[in-house]
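Note: the block below is entry.csv and it holds CSV, C-alpha atoms.
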chain,number,residue,atom,x,y,z
R,1,MET,CA,-34.1,-3.3,-91.4
R,2,PRO,CA,-33.5,0.1,-89.9
R,3,HIS,CA,-29.9,1.2,-89.4
R,4,ARG,CA,-28.6,0.9,-85.8
R,5,PRO,CA,-25.4,2.7,-84.7
R,6,PRO,CA,-22.4,0.5,-84.0
R,7,PHE,CA,-22.5,-1.1,-80.5
R,8,ALA,CA,-25.9,0.3,-79.7
R,9,ARG,CA,-28.1,-1.8,-77.5
R,10,PRO,CA,-31.7,-2.5,-78.4
R,11,ARG,CA,-34.2,-0.4,-76.6
R,12,PRO,CA,-35.8,-2.5,-73.8
R,13,SER,CA,-39.5,-3.3,-74.0
R,14,ARG,CA,-41.8,-1.7,-71.5
R,15,ARG,CA,-42.2,-5.0,-69.7
R,16,ARG,CA,-38.5,-5.5,-69.4
R,17,LEU,CA,-38.1,-1.9,-68.3
R,18,ALA,CA,-40.7,-2.4,-65.6
R,19,VAL,CA,-39.1,-5.6,-64.3
R,20,GLY,CA,-35.7,-3.9,-64.2
R,21,ILE,CA,-37.0,-1.0,-62.2
R,22,ALA,CA,-38.8,-3.3,-59.8
R,23,ALA,CA,-35.5,-5.3,-59.3
R,24,ALA,CA,-33.6,-2.1,-58.6
R,25,VAL,CA,-36.2,-1.0,-56.1
R,26,LEU,CA,-36.1,-4.3,-54.3
R,27,GLY,CA,-32.3,-4.3,-54.3
R,28,THR,CA,-32.3,-0.8,-52.8
R,29,ALA,CA,-34.8,-1.9,-50.2
R,30,ALA,CA,-32.7,-4.9,-49.2
R,31,PHE,CA,-29.6,-2.7,-49.0
R,32,MET,CA,-31.4,-0.2,-46.8
R,33,TRP,CA,-32.8,-3.0,-44.6
R,34,ARG,CA,-29.2,-4.1,-44.0
R,35,ARG,CA,-28.2,-0.5,-43.1
R,36,THR,CA,-31.3,0.5,-41.2
R,37,PRO,CA,-32.6,-2.3,-38.8
R,38,PRO,CA,-36.3,-2.4,-38.2
R,39,ARG,CA,-37.7,-0.6,-35.2
R,40,VAL,CA,-39.1,-3.9,-33.9
R,41,GLN,CA,-37.3,-7.2,-34.5
R,42,VAL,CA,-38.3,-10.6,-33.1
R,43,LEU,CA,-35.6,-13.2,-32.6
R,44,ASP,CA,-35.4,-16.8,-31.5
R,45,THR,CA,-32.5,-17.3,-29.1
R,46,GLN,CA,-31.3,-20.5,-27.5
R,47,GLU,CA,-33.2,-19.8,-24.3
R,48,HIS,CA,-35.9,-17.2,-25.0
R,49,ARG,CA,-37.9,-15.7,-27.9
R,50,VAL,CA,-37.2,-12.0,-27.7
R,51,ARG,CA,-38.3,-8.7,-29.2
R,52,VAL,CA,-35.8,-5.9,-29.8
R,53,THR,CA,-37.5,-2.5,-29.9
R,54,THR,CA,-35.9,0.9,-30.7
R,55,VAL,CA,-37.0,3.1,-27.8
R,56,VAL,CA,-35.4,6.3,-29.1
R,57,ASP,CA,-33.0,7.2,-31.8
R,58,GLY,CA,-31.1,10.4,-32.9
R,59,LEU,CA,-28.5,10.1,-30.1
R,60,ARG,CA,-25.1,11.5,-31.0
R,61,SER,CA,-22.5,8.8,-30.3
R,62,PRO,CA,-24.1,7.6,-27.0
R,63,TRP,CA,-21.8,6.0,-24.4
R,64,GLY,CA,-23.5,5.3,-21.0
R,65,LEU,CA,-27.0,5.2,-19.5
R,66,THR,CA,-28.6,4.9,-16.1
R,67,PHE,CA,-32.2,4.9,-14.9
R,68,LEU,CA,-33.8,7.5,-12.8
R,69,PRO,CA,-36.6,6.5,-10.3
R,70,GLY,CA,-39.8,6.3,-12.3
R,71,GLY,CA,-38.2,4.9,-15.4
R,72,ASP,CA,-36.7,8.0,-17.1
R,73,LEU,CA,-33.1,7.6,-18.3
R,74,LEU,CA,-30.0,9.7,-18.5
R,75,ILE,CA,-27.7,9.0,-21.5
R,76,THR,CA,-24.3,10.4,-22.1
R,77,GLU,CA,-23.2,11.5,-25.6
R,78,LYS,CA,-19.5,11.4,-26.4
R,79,ARG,CA,-19.2,15.1,-27.3
R,80,GLY,CA,-20.0,16.1,-23.7
R,81,ARG,CA,-23.9,16.3,-23.6
R,82,LEU,CA,-26.0,14.5,-21.0
R,83,ARG,CA,-29.5,13.7,-22.4
R,84,LEU,CA,-32.8,12.9,-20.8
R,85,VAL,CA,-35.3,10.3,-22.0
R,86,ARG,CA,-38.6,11.2,-20.3
R,87,ALA,CA,-41.7,9.0,-20.7
R,88,GLY,CA,-40.0,7.3,-23.7
R,89,VAL,CA,-39.2,10.5,-25.5
R,90,LEU,CA,-35.7,12.0,-26.0
R,91,GLN,CA,-35.9,15.5,-24.8
R,92,PRO,CA,-34.6,18.1,-27.3
R,93,GLU,CA,-32.1,19.9,-25.1
R,94,PRO,CA,-29.2,18.4,-23.0
R,95,VAL,CA,-29.6,18.5,-19.3
R,96,ALA,CA,-25.9,19.1,-18.7
R,97,GLU,CA,-22.8,19.8,-20.9
R,98,LEU,CA,-19.2,19.2,-19.9
R,99,GLU,CA,-16.0,20.4,-21.5
R,100,VAL,CA,-14.4,17.1,-22.6
R,101,ALA,CA,-11.4,16.0,-24.7
R,102,SER,CA,-13.5,14.4,-27.4
R,103,SER,CA,-10.8,13.5,-29.9
R,104,GLY,CA,-10.2,9.8,-30.6
R,105,GLN,CA,-11.9,7.7,-27.9
R,106,GLY,CA,-12.3,10.5,-25.4
R,107,GLY,CA,-15.4,12.3,-24.4
R,108,LEU,CA,-18.2,12.0,-21.9
R,109,LEU,CA,-18.3,8.4,-20.9
R,110,ASP,CA,-20.3,6.6,-18.2
R,111,VAL,CA,-23.1,7.8,-16.0
R,112,GLU,CA,-24.4,6.2,-12.7
R,113,LEU,CA,-26.6,7.2,-9.8
R,114,HIS,CA,-25.3,7.3,-6.2
R,115,PRO,CA,-26.8,4.3,-4.2
R,116,GLY,CA,-28.5,7.0,-2.0
R,117,PHE,CA,-29.9,8.9,-4.9
R,118,ALA,CA,-33.4,9.1,-3.4
R,119,ARG,CA,-31.9,11.1,-0.5
R,120,ASN,CA,-28.9,13.0,-2.0
R,121,ARG,CA,-29.9,13.3,-5.8
R,122,LEU,CA,-26.2,12.7,-6.8
R,123,VAL,CA,-25.3,11.6,-10.3
R,124,TYR,CA,-21.7,10.5,-11.2
R,125,LEU,CA,-20.0,10.8,-14.6
R,126,THR,CA,-16.7,9.8,-16.1
R,127,TYR,CA,-15.1,11.8,-18.9
R,128,SER,CA,-11.8,12.6,-20.6
R,129,LYS,CA,-10.6,15.8,-19.0
R,130,PRO,CA,-8.5,18.3,-21.0
R,131,GLY,CA,-5.5,20.0,-19.4
R,132,PRO,CA,-2.0,21.4,-19.9
R,133,ARG,CA,-0.6,17.8,-19.8
R,134,GLY,CA,-3.0,16.6,-22.4
R,135,SER,CA,-6.0,14.6,-21.1
R,136,THR,CA,-6.9,12.1,-18.5
R,137,THR,CA,-9.9,10.2,-17.1
R,138,ALA,CA,-11.9,12.0,-14.4
R,139,LEU,CA,-14.8,11.2,-12.1
R,140,ALA,CA,-17.3,14.0,-11.6
R,141,ARG,CA,-20.6,14.3,-9.9
R,142,GLY,CA,-23.6,16.7,-9.9
R,143,ARG,CA,-27.0,17.1,-8.3
R,144,TRP,CA,-30.2,16.2,-10.2
R,145,ASP,CA,-32.8,18.9,-9.6
R,146,GLY,CA,-35.6,17.1,-11.5
R,147,SER,CA,-34.9,18.6,-14.9
R,148,ARG,CA,-31.1,19.3,-15.0
R,149,LEU,CA,-27.8,18.2,-13.5
R,150,VAL,CA,-26.4,21.1,-11.6
R,151,ASP,CA,-23.3,21.9,-9.5
R,152,VAL,CA,-21.1,19.4,-11.5
R,153,GLN,CA,-17.6,19.1,-10.0
R,154,ASP,CA,-14.7,16.7,-10.2
R,155,VAL,CA,-14.5,14.1,-7.5
R,156,PHE,CA,-11.2,12.5,-8.6
R,157,VAL,CA,-8.8,13.2,-11.5
R,158,ALA,CA,-6.7,10.1,-12.4
R,159,GLU,CA,-3.0,10.4,-12.8
R,160,ALA,CA,-3.2,9.1,-16.3
R,161,TRP,CA,-2.4,12.2,-18.4
R,162,GLY,CA,-1.3,11.7,-22.0
R,163,ARG,CA,-1.3,13.5,-25.4
R,164,GLY,CA,-3.0,10.7,-27.3
R,165,GLY,CA,-6.7,10.1,-27.7
R,166,GLN,CA,-6.9,6.4,-26.9
R,167,HIS,CA,-7.8,4.2,-23.9
R,168,PHE,CA,-9.6,6.2,-21.3
R,169,GLY,CA,-11.8,3.3,-20.0
R,170,SER,CA,-14.3,3.8,-18.3
R,171,ARG,CA,-17.4,2.5,-16.4
R,172,ILE,CA,-18.7,3.4,-13.0
R,173,VAL,CA,-19.8,0.9,-10.4
R,174,PHE,CA,-20.9,1.3,-6.8
R,175,ASP,CA,-20.5,-1.7,-4.4
R,176,ARG,CA,-22.8,-2.6,-1.5
R,177,ALA,CA,-20.7,-0.6,0.9
R,178,GLY,CA,-21.1,2.6,-1.2
R,179,MET,CA,-17.6,2.6,-2.6
R,180,VAL,CA,-17.2,3.8,-6.2
R,181,TYR,CA,-15.0,2.0,-8.8
R,182,PHE,CA,-14.0,3.3,-12.2
R,183,GLY,CA,-11.7,2.0,-14.8
R,184,VAL,CA,-8.9,3.9,-16.5
R,185,GLY,CA,-7.2,2.7,-19.7
R,186,GLU,CA,-3.4,2.7,-20.1
R,187,ARG,CA,-3.7,5.4,-22.8
R,188,ASN,CA,-2.3,3.1,-25.4
R,189,GLU,CA,1.1,3.2,-23.7
R,190,LYS,CA,1.2,-0.5,-22.6
R,191,TYR,CA,3.8,-0.6,-19.8
R,192,PRO,CA,2.4,2.0,-17.4
R,193,ALA,CA,-0.4,-0.6,-16.7
R,194,GLN,CA,2.2,-2.4,-14.6
R,195,ASP,CA,3.5,0.7,-12.9
R,196,LEU,CA,1.8,1.2,-9.5
R,197,ALA,CA,2.9,4.8,-9.4
R,198,SER,CA,0.5,5.6,-12.3
R,199,ASP,CA,-3.3,5.2,-12.6
R,200,LYS,CA,-2.9,4.1,-16.2
R,201,GLY,CA,-4.4,0.7,-16.8
R,202,LYS,CA,-6.0,0.4,-13.4
R,203,ILE,CA,-9.3,0.1,-11.7
R,204,LEU,CA,-9.6,2.7,-8.9
R,205,ARG,CA,-11.7,2.5,-5.7
R,206,LEU,CA,-12.8,5.5,-3.7
R,207,HIS,CA,-15.3,6.8,-1.2
R,208,ASP,CA,-18.2,8.6,-2.9
R,209,ASP,CA,-16.5,12.0,-2.2
R,210,GLY,CA,-13.2,11.0,-3.7
R,211,ARG,CA,-11.4,10.1,-0.4
R,212,ILE,CA,-9.1,7.0,-0.4
R,213,PRO,CA,-10.5,4.0,1.5
R,214,ARG,CA,-8.1,2.8,4.3
R,215,ASP,CA,-8.6,-0.8,3.2
R,216,ASN,CA,-7.5,-0.3,-0.4
R,217,PRO,CA,-4.8,-2.9,-1.2
R,218,PHE,CA,-1.9,-0.5,-1.8
R,219,VAL,CA,-2.5,2.0,1.0
R,220,GLY,CA,0.7,2.7,2.9
R,221,ARG,CA,3.1,1.7,0.1
R,222,THR,CA,5.4,4.5,-0.9
R,223,ASP,CA,5.8,3.0,-4.4
R,224,ALA,CA,2.0,2.8,-5.2
R,225,ARG,CA,-0.9,5.1,-5.6
R,226,PRO,CA,-3.4,4.4,-2.8
R,227,GLU,CA,-6.5,4.7,-5.0
R,228,ILE,CA,-5.6,1.6,-7.1
R,229,PHE,CA,-7.8,-1.5,-6.6
R,230,SER,CA,-6.3,-3.7,-9.4
R,231,TYR,CA,-3.8,-3.2,-12.2
R,232,GLY,CA,-2.5,-4.7,-15.5
R,233,HIS,CA,-5.6,-3.7,-17.5
R,234,ARG,CA,-5.5,-2.4,-21.0
R,235,ASN,CA,-8.8,-0.6,-21.8
R,236,PRO,CA,-11.7,-1.5,-19.5
R,237,GLN,CA,-15.0,-0.5,-21.1
R,238,GLY,CA,-17.3,-2.9,-19.3
R,239,MET,CA,-17.8,-3.3,-15.6
R,240,THR,CA,-20.6,-4.5,-13.3
R,241,LEU,CA,-21.3,-5.8,-9.8
R,242,HIS,CA,-22.5,-9.4,-9.5
R,243,PRO,CA,-26.1,-9.2,-8.3
R,244,VAL,CA,-25.7,-12.3,-6.0
R,245,THR,CA,-22.0,-12.3,-4.8
R,246,GLY,CA,-21.5,-8.5,-4.9
R,247,GLU,CA,-18.1,-9.1,-6.7
R,248,LEU,CA,-16.7,-7.0,-9.5
R,249,TRP,CA,-16.6,-8.2,-13.1
R,250,GLU,CA,-15.0,-6.4,-16.0
R,251,THR,CA,-14.4,-6.6,-19.8
R,252,GLU,CA,-11.5,-4.9,-21.6
R,253,HIS,CA,-10.2,-4.5,-25.0
R,254,GLY,CA,-7.2,-6.5,-26.1
R,255,ALA,CA,-5.2,-5.5,-29.1
R,256,ARG,CA,-5.6,-7.7,-32.1
R,257,GLY,CA,-7.3,-10.5,-30.1
R,258,GLY,CA,-7.0,-11.1,-26.4
R,259,ASP,CA,-10.2,-9.2,-25.3
R,260,GLU,CA,-10.9,-10.3,-21.7
R,261,VAL,CA,-13.6,-11.0,-19.2
R,262,ASN,CA,-12.1,-10.7,-15.7
R,263,HIS,CA,-13.3,-11.4,-12.2
R,264,VAL,CA,-11.7,-8.4,-10.5
R,265,ARG,CA,-10.2,-8.9,-7.0
R,266,ALA,CA,-8.4,-6.4,-4.8
R,267,GLY,CA,-4.6,-6.0,-5.4
R,268,ARG,CA,-4.5,-8.5,-8.3
R,269,ASN,CA,-2.4,-8.0,-11.4
R,270,TYR,CA,-4.3,-8.8,-14.7
R,271,GLY,CA,-1.1,-9.0,-16.7
R,272,TRP,CA,-1.2,-6.4,-19.5
R,273,PRO,CA,1.1,-6.1,-21.4
R,274,ARG,CA,3.4,-8.8,-19.8
R,275,ILE,CA,0.9,-11.5,-20.6
R,276,THR,CA,-1.7,-11.4,-23.4
R,277,HIS,CA,-3.6,-13.8,-25.7
R,278,GLY,CA,-3.4,-11.3,-28.6
R,279,VAL,CA,-0.9,-9.6,-30.8
R,280,ASP,CA,-0.3,-6.0,-31.9
R,281,TYR,CA,-2.4,-4.5,-34.7
R,282,SER,CA,0.6,-4.8,-37.0
R,283,GLY,CA,0.8,-8.5,-36.2
R,284,ALA,CA,3.9,-8.1,-34.1
R,285,ARG,CA,4.2,-10.0,-30.9
R,286,ILE,CA,3.5,-8.0,-27.7
R,287,SER,CA,4.7,-10.6,-25.3
R,288,PRO,CA,6.0,-14.2,-25.6
R,289,ASP,CA,3.9,-15.1,-22.6
R,290,SER,CA,0.2,-15.7,-22.1
R,291,ALA,CA,0.7,-16.7,-18.5
R,292,LEU,CA,3.2,-15.9,-15.7
R,293,PRO,CA,3.3,-16.5,-11.9
R,294,GLY,CA,1.5,-13.8,-9.9
R,295,MET,CA,-0.7,-12.7,-12.8
R,296,GLU,CA,-4.4,-13.5,-13.2
R,297,GLN,CA,-5.8,-15.4,-16.2
R,298,PRO,CA,-9.0,-14.1,-17.7
R,299,VAL,CA,-12.2,-16.0,-17.2
R,300,LEU,CA,-12.6,-15.8,-20.9
R,301,HIS,CA,-10.7,-14.2,-23.8
R,302,TRP,CA,-11.9,-13.5,-27.3
R,303,THR,CA,-9.5,-14.0,-30.2
R,304,PRO,CA,-10.2,-12.7,-32.8
R,305,SER,CA,-11.3,-9.6,-31.0
R,306,ILE,CA,-15.0,-8.5,-30.6
R,307,ALA,CA,-14.0,-5.2,-28.9
R,308,PRO,CA,-16.2,-5.5,-25.8
R,309,SER,CA,-17.9,-2.4,-24.4
R,310,GLY,CA,-20.6,-2.5,-21.8
R,311,LEU,CA,-21.3,-5.4,-19.4
R,312,ALA,CA,-24.3,-6.5,-17.4
R,313,ILE,CA,-25.2,-9.6,-15.4
R,314,TYR,CA,-28.8,-10.3,-16.0
R,315,ALA,CA,-30.7,-10.0,-12.7
R,316,GLY,CA,-34.4,-9.6,-13.8
R,317,ASP,CA,-37.4,-11.9,-13.8
R,318,ARG,CA,-38.6,-11.5,-17.5
R,319,PHE,CA,-35.9,-13.9,-18.8
R,320,PRO,CA,-35.6,-16.6,-16.1
R,321,ARG,CA,-33.2,-18.8,-18.0
R,322,TRP,CA,-30.8,-15.9,-18.5
R,323,ARG,CA,-30.5,-15.0,-14.8
R,324,GLY,CA,-26.9,-14.8,-13.8
R,325,HIS,CA,-25.6,-14.8,-17.3
R,326,LEU,CA,-23.1,-12.1,-18.5
R,327,PHE,CA,-24.1,-9.9,-21.5
R,328,ALA,CA,-21.3,-8.1,-23.2
R,329,GLY,CA,-21.7,-5.5,-25.9
R,330,ALA,CA,-19.3,-5.7,-28.8
R,331,LEU,CA,-18.1,-2.9,-31.1
R,332,ALA,CA,-16.0,-4.6,-33.8
R,333,GLY,CA,-18.1,-7.7,-33.5
R,334,GLN,CA,-21.4,-5.7,-33.8
R,335,GLN,CA,-23.2,-8.1,-31.5
R,336,LEU,CA,-24.4,-8.8,-28.0
R,337,ARG,CA,-22.6,-11.8,-26.5
R,338,ARG,CA,-24.3,-14.0,-23.8
R,339,VAL,CA,-21.8,-15.8,-21.6
R,340,VAL,CA,-22.7,-18.5,-19.1
R,341,VAL,CA,-20.2,-18.7,-16.2
R,342,GLU,CA,-19.8,-21.3,-13.6
R,343,GLY,CA,-17.5,-20.1,-10.8
R,344,ASP,CA,-14.5,-18.6,-12.7
R,345,ARG,CA,-15.1,-20.6,-15.9
R,346,ALA,CA,-17.0,-19.7,-19.0
R,347,VAL,CA,-19.0,-22.8,-20.1
R,348,HIS,CA,-21.1,-21.5,-22.9
R,349,GLN,CA,-21.6,-18.5,-25.3
R,350,GLU,CA,-24.3,-17.3,-27.6
R,351,THR,CA,-24.1,-14.5,-30.1
R,352,LEU,CA,-27.2,-12.2,-30.4
R,353,LEU,CA,-28.0,-9.4,-32.7
R,354,GLU,CA,-25.0,-10.2,-34.9
R,355,GLY,CA,-24.3,-7.5,-37.5
R,356,ARG,CA,-27.1,-5.2,-36.3
R,357,SER,CA,-24.9,-2.5,-34.8
R,358,ARG,CA,-21.9,-1.7,-32.6
R,359,ILE,CA,-23.2,-2.2,-29.0
R,360,ARG,CA,-21.7,0.3,-26.7
R,361,ALA,CA,-23.6,-0.1,-23.4
R,362,VAL,CA,-25.6,-2.9,-21.7
R,363,LYS,CA,-27.9,-2.3,-18.7
R,364,ASN,CA,-30.4,-4.1,-16.6
R,365,GLY,CA,-33.7,-2.1,-16.6
R,366,PRO,CA,-35.9,-1.7,-13.6
R,367,ASP,CA,-38.7,-3.4,-15.6
R,368,GLY,CA,-36.6,-6.6,-15.9
R,369,ASN,CA,-35.7,-6.0,-19.6
R,370,LEU,CA,-32.2,-5.4,-21.0
R,371,TYR,CA,-31.3,-2.0,-22.5
R,372,LEU,CA,-28.6,-1.4,-25.1
R,373,LEU,CA,-27.0,1.7,-26.6
R,374,THR,CA,-25.7,1.5,-30.2
R,375,ASP,CA,-22.5,3.3,-31.0
R,376,ALA,CA,-23.1,5.6,-34.0
R,377,SER,CA,-23.3,9.2,-34.9
R,378,GLU,CA,-27.1,8.5,-35.1
R,379,GLY,CA,-27.2,6.0,-32.2
R,380,SER,CA,-30.2,4.4,-30.6
R,381,LEU,CA,-31.5,3.1,-27.3
R,382,LEU,CA,-32.8,-0.5,-27.7
R,383,ARG,CA,-35.0,-2.6,-25.3
R,384,VAL,CA,-34.7,-6.4,-25.3
R,385,GLU,CA,-37.9,-7.9,-23.9
R,386,PRO,CA,-39.8,-11.2,-24.2
R,387,ALA,CA,-41.7,-11.6,-27.4
R,388,PRO,CA,-45.4,-12.5,-27.2
Starting from the file, lay out its structure as structure tokens.
Amino acid sequence: MPHRPPFARPRPSRRRLAVGIAAAVLGTAAFMWRRTPPRVQVLDTQEHRVRVTTVVDGLRSPWGLTFLPGGDLLITEKRGRLRLVRAGVLQPEPVAELEVASSGQGGLLDVELHPGFARNRLVYLTYSKPGPRGSTTALARGRWDGSRLVDVQDVFVAEAWGRGGQHFGSRIVFDRAGMVYFGVGERNEKYPAQDLASDKGKILRLHDDGRIPRDNPFVGRTDARPEIFSYGHRNPQGMTLHPVTGELWETEHGARGGDEVNHVRAGRNYGWPRITHGVDYSGARISPDSALPGMEQPVLHWTPSIAPSGLAIYAGDRFPRWRGHLFAGALAGQQLRRVVVEGDRAVHQETLLEGRSRIRAVKNGPDGNLYLLTDASEGSLLRVEPAP
């Protein structure tokens, strides 16, 4: 018998070597499948069979999207670039660039068209604005000239300055009267959310040019800022108008648990941090109370947290059994959550796309499909449509 060095393993046969290589390749393929979802995915949900298609990828940390007439899209990227998707193709150069405070959760955030866009060509943006006092959330607008956003100027700068990089909000919603709403986070400072002399932790309501509406709930009070519509919010990153009632709905991040879905009404206090269904990230108690007189309860709270970002109420015709349901994107939960609401009560939930990616934005498309943005350094625009 030939001599074999101590502890040496026998050389594998060619057949065993081939099997091992094949197993390694299959294992790598399975790993890559988990990391890189297919460009087209068919899913059976409780109500509809759907197809999820990657429309474009290569987006750098996308945050918000809106549709231009004709089907083109504008998409914000967190570092300050506004991108155009034309005829289904991401155009190589940004159509606007803003100076933003992009550290932490800051950056270029939401984008929305003015209701009279066909006439005035106005596009609205929220972003984290840098300044001598740190940074804050600002609402800006510019004019779309067909290929670029030009003449971009601030409409309103929130009194929410801080040195940290957390909790800027922020979604933009226009109501049927043409008033514009945008959410501002409490900058991870908790108690200013209850202070009506600060815009931190508030939803603001303005005329489209930044003027204060006379019928805002705190107009005329010397102890309150007149732009405030509602308060006691932590970090609102989802907001939409109900397509039937015209009322405002919102999702916001809790801390460790206590994410909320809220039906937002003028002048109401949504409680943070005096009431919460969550605890701090350390596990420490934030408040002994989950309910107090004069403070609104959420329609739904998620504990453990799913980190909701982006909210739409489905209003199209392609998914008739989804009409009127809430769709909330989730970051930590890496999912799309469908919520059935009756009045102010959530009666059913379904988790879709679980584990696929962090969902940053959710939008009704003019074609009746749902559109999603995935939150990643190489993010994607996804279309959810009926499967054949």
Exercise for review: Work out how far apart CA of Phe182 (chain R) and CA of Asp195 (chain R) are and give it in Å to one decimal.
Suggested key: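 For CA of Phe182 (chain R) relative to CA of Asp195 (chain R), the distance reads 17.7 Å.
Residues in contact with Gly134 (chain R) at 7 Å, where only C-alpha atoms are counted and same-chain residues fewer than 6 positions away are skipped, are listed as Trp161, Gly162 and Arg163 of chain R.
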Check your understanding: Counting only C-alpha atoms, what is within 9 Å of Glu47 (chain R), bar same-chain residues fewer than 4 positions away, as a list in words?
Key ->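 Everything that qualifies: Phe319, Arg321 and Trp322 of chain R.
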Exercise for review: Extract, using all atoms listed in the file, all DNA, RNA and protein residues at most 7 Å from Val157 (chain R), discarding same-chain residues fewer than 4 positions from it, and format them as a ChimeraX atom specification.
Suggested key: /R:137-139
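Taking CA of Gly257 (chain R) and CA of Ala315 (chain R) as endpoints, the distance between them is 29.2 Å.
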Practice item. For CA of Val173 (chain R) and CA of Pro192 (chain R), quote the distance in Å rounded to one decimal. Key: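 Pair CA of Val173 (chain R) / CA of Pro192 (chain R) returns 23.3 Å.
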Considering only C-alpha atoms, give me a table of residues in region 248-269 of chain R that are at most 10 Å from region 196-203 of chain R, with the closest atom pair and distance in Å for each, as a Markdown table.
| residue | atom | partner | partner_atom | distance |
| --- | --- | --- | --- | --- |
| R:Glu250 | CA | R:Ile203 | CA | 9.7 |
| R:Val264 | CA | R:Ile203 | CA | 8.9 |
| R:Ala266 | CA | R:Ile203 | CA | 9.5 |
| R:Gly267 | CA | R:Ile203 | CA | 9.9 |
| R:Asn269 | CA | R:Lys202 | CA | 9.4 |
Hey, can you spit out that residue selection with C-alpha atoms as a PDB file, in the coordinates of the input?
ATOM      1  CA  GLU R 250     -15.000  -6.400 -16.000  1.00  0.00           C
ATOM      2  CA  VAL R 264     -11.700  -8.400 -10.500  1.00  0.00           C
ATOM      3  CA  ALA R 266      -8.400  -6.400  -4.800  1.00  0.00           C
ATOM      4  CA  GLY R 267      -4.600  -6.000  -5.400  1.00  0.00           C
ATOM      5  CA  ASN R 269      -2.400  -8.000 -11.400  1.00  0.00           C
TER       6      ASN R 269
END
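Once Asp44 (chain R) and its same-chain neighbours fewer than 4 positions away are set aside, His48, Arg49, Val50, Arg51, Leu352 and Ala387 of chain R remain within 10 Å of it when counting all atoms listed in the file.
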Considering only C-alpha atoms, tabulate each residue of region 81-100 of chain R that lies at most 6 Å from region 70-74 of chain R along with its nearest interatomic pair and the corresponding distance in Å to one decimal; arrange the rows by chain and ascending residue number and present them as JSON lines.
{"residue": "R:Arg83", "atom": "CA", "partner": "R:Leu74", "partner_atom": "CA", "distance": 5.6}
{"residue": "R:Leu84", "atom": "CA", "partner": "R:Leu74", "partner_atom": "CA", "distance": 4.8}
{"residue": "R:Val85", "atom": "CA", "partner": "R:Leu73", "partner_atom": "CA", "distance": 5.1}
{"residue": "R:Arg86", "atom": "CA", "partner": "R:Asp72", "partner_atom": "CA", "distance": 4.9}
Selection above as a file: C-alpha atoms, as a compact mmCIF listing (two decimals), in the coordinates of the input:
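Contents of again_2.txt, as written:
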# COMPACT_ATOMS: atom_id res chain seq x y z
CA ARG R 83 -29.50 13.70 -22.40
CA LEU R 84 -32.80 12.90 -20.80
CA VAL R 85 -35.30 10.30 -22.00
CA ARG R 86 -38.60 11.20 -20.30
Review point. Got a sec: who's within 10 Å of Asp209 (chain R), counting all atoms listed in the file, leaving out chain neighbours fewer than 3 positions off, as a PyMOL selection string?
Key: chain R and resi 140-141+154-156+179-180+206+212
Will you give me region 332-343 of chain R, written with N, CA and C atoms and laid out as a short mmCIF file (atom, residue, chain, number, x, y, z; two decimals), in the first residue's frame?
data_model
loop_
_atom_site.label_atom_id
_atom_site.label_comp_id
_atom_site.auth_asym_id
_atom_site.auth_seq_id
_atom_site.Cartn_x
_atom_site.Cartn_y
_atom_site.Cartn_z
N ALA R 332 -38.23 47.44 7.97
CA ALA R 332 -37.71 46.36 8.81
C ALA R 332 -38.43 45.05 8.49
N GLY R 333 -39.73 45.15 8.19
CA GLY R 333 -40.49 43.95 7.88
C GLY R 333 -40.27 43.41 6.48
N GLN R 334 -39.63 44.20 5.58
CA GLN R 334 -39.38 43.78 4.20
C GLN R 334 -40.62 43.12 3.60
N GLN R 335 -41.67 43.93 3.48
CA GLN R 335 -42.93 43.37 3.01
C GLN R 335 -43.85 44.51 2.58
N LEU R 336 -44.95 44.10 1.96
CA LEU R 336 -46.08 44.97 1.66
C LEU R 336 -47.25 44.44 2.47
N ARG R 337 -47.84 45.29 3.30
CA ARG R 337 -48.92 44.84 4.18
C ARG R 337 -50.25 45.37 3.65
N ARG R 338 -51.20 44.46 3.41
CA ARG R 338 -52.56 44.84 3.01
C ARG R 338 -53.45 44.86 4.25
N VAL R 339 -54.18 45.95 4.44
CA VAL R 339 -55.02 46.11 5.62
C VAL R 339 -56.44 46.44 5.18
N VAL R 340 -57.40 45.68 5.65
CA VAL R 340 -58.81 45.93 5.40
C VAL R 340 -59.36 46.72 6.58
N VAL R 341 -59.94 47.87 6.30
CA VAL R 341 -60.45 48.76 7.35
C VAL R 341 -61.95 48.94 7.16
N GLU R 342 -62.68 48.82 8.25
CA GLU R 342 -64.11 49.13 8.27
C GLU R 342 -64.30 50.28 9.25
N GLY R 343 -64.69 51.45 8.74
CA GLY R 343 -64.76 52.63 9.59
C GLY R 343 -63.37 52.98 10.09
#
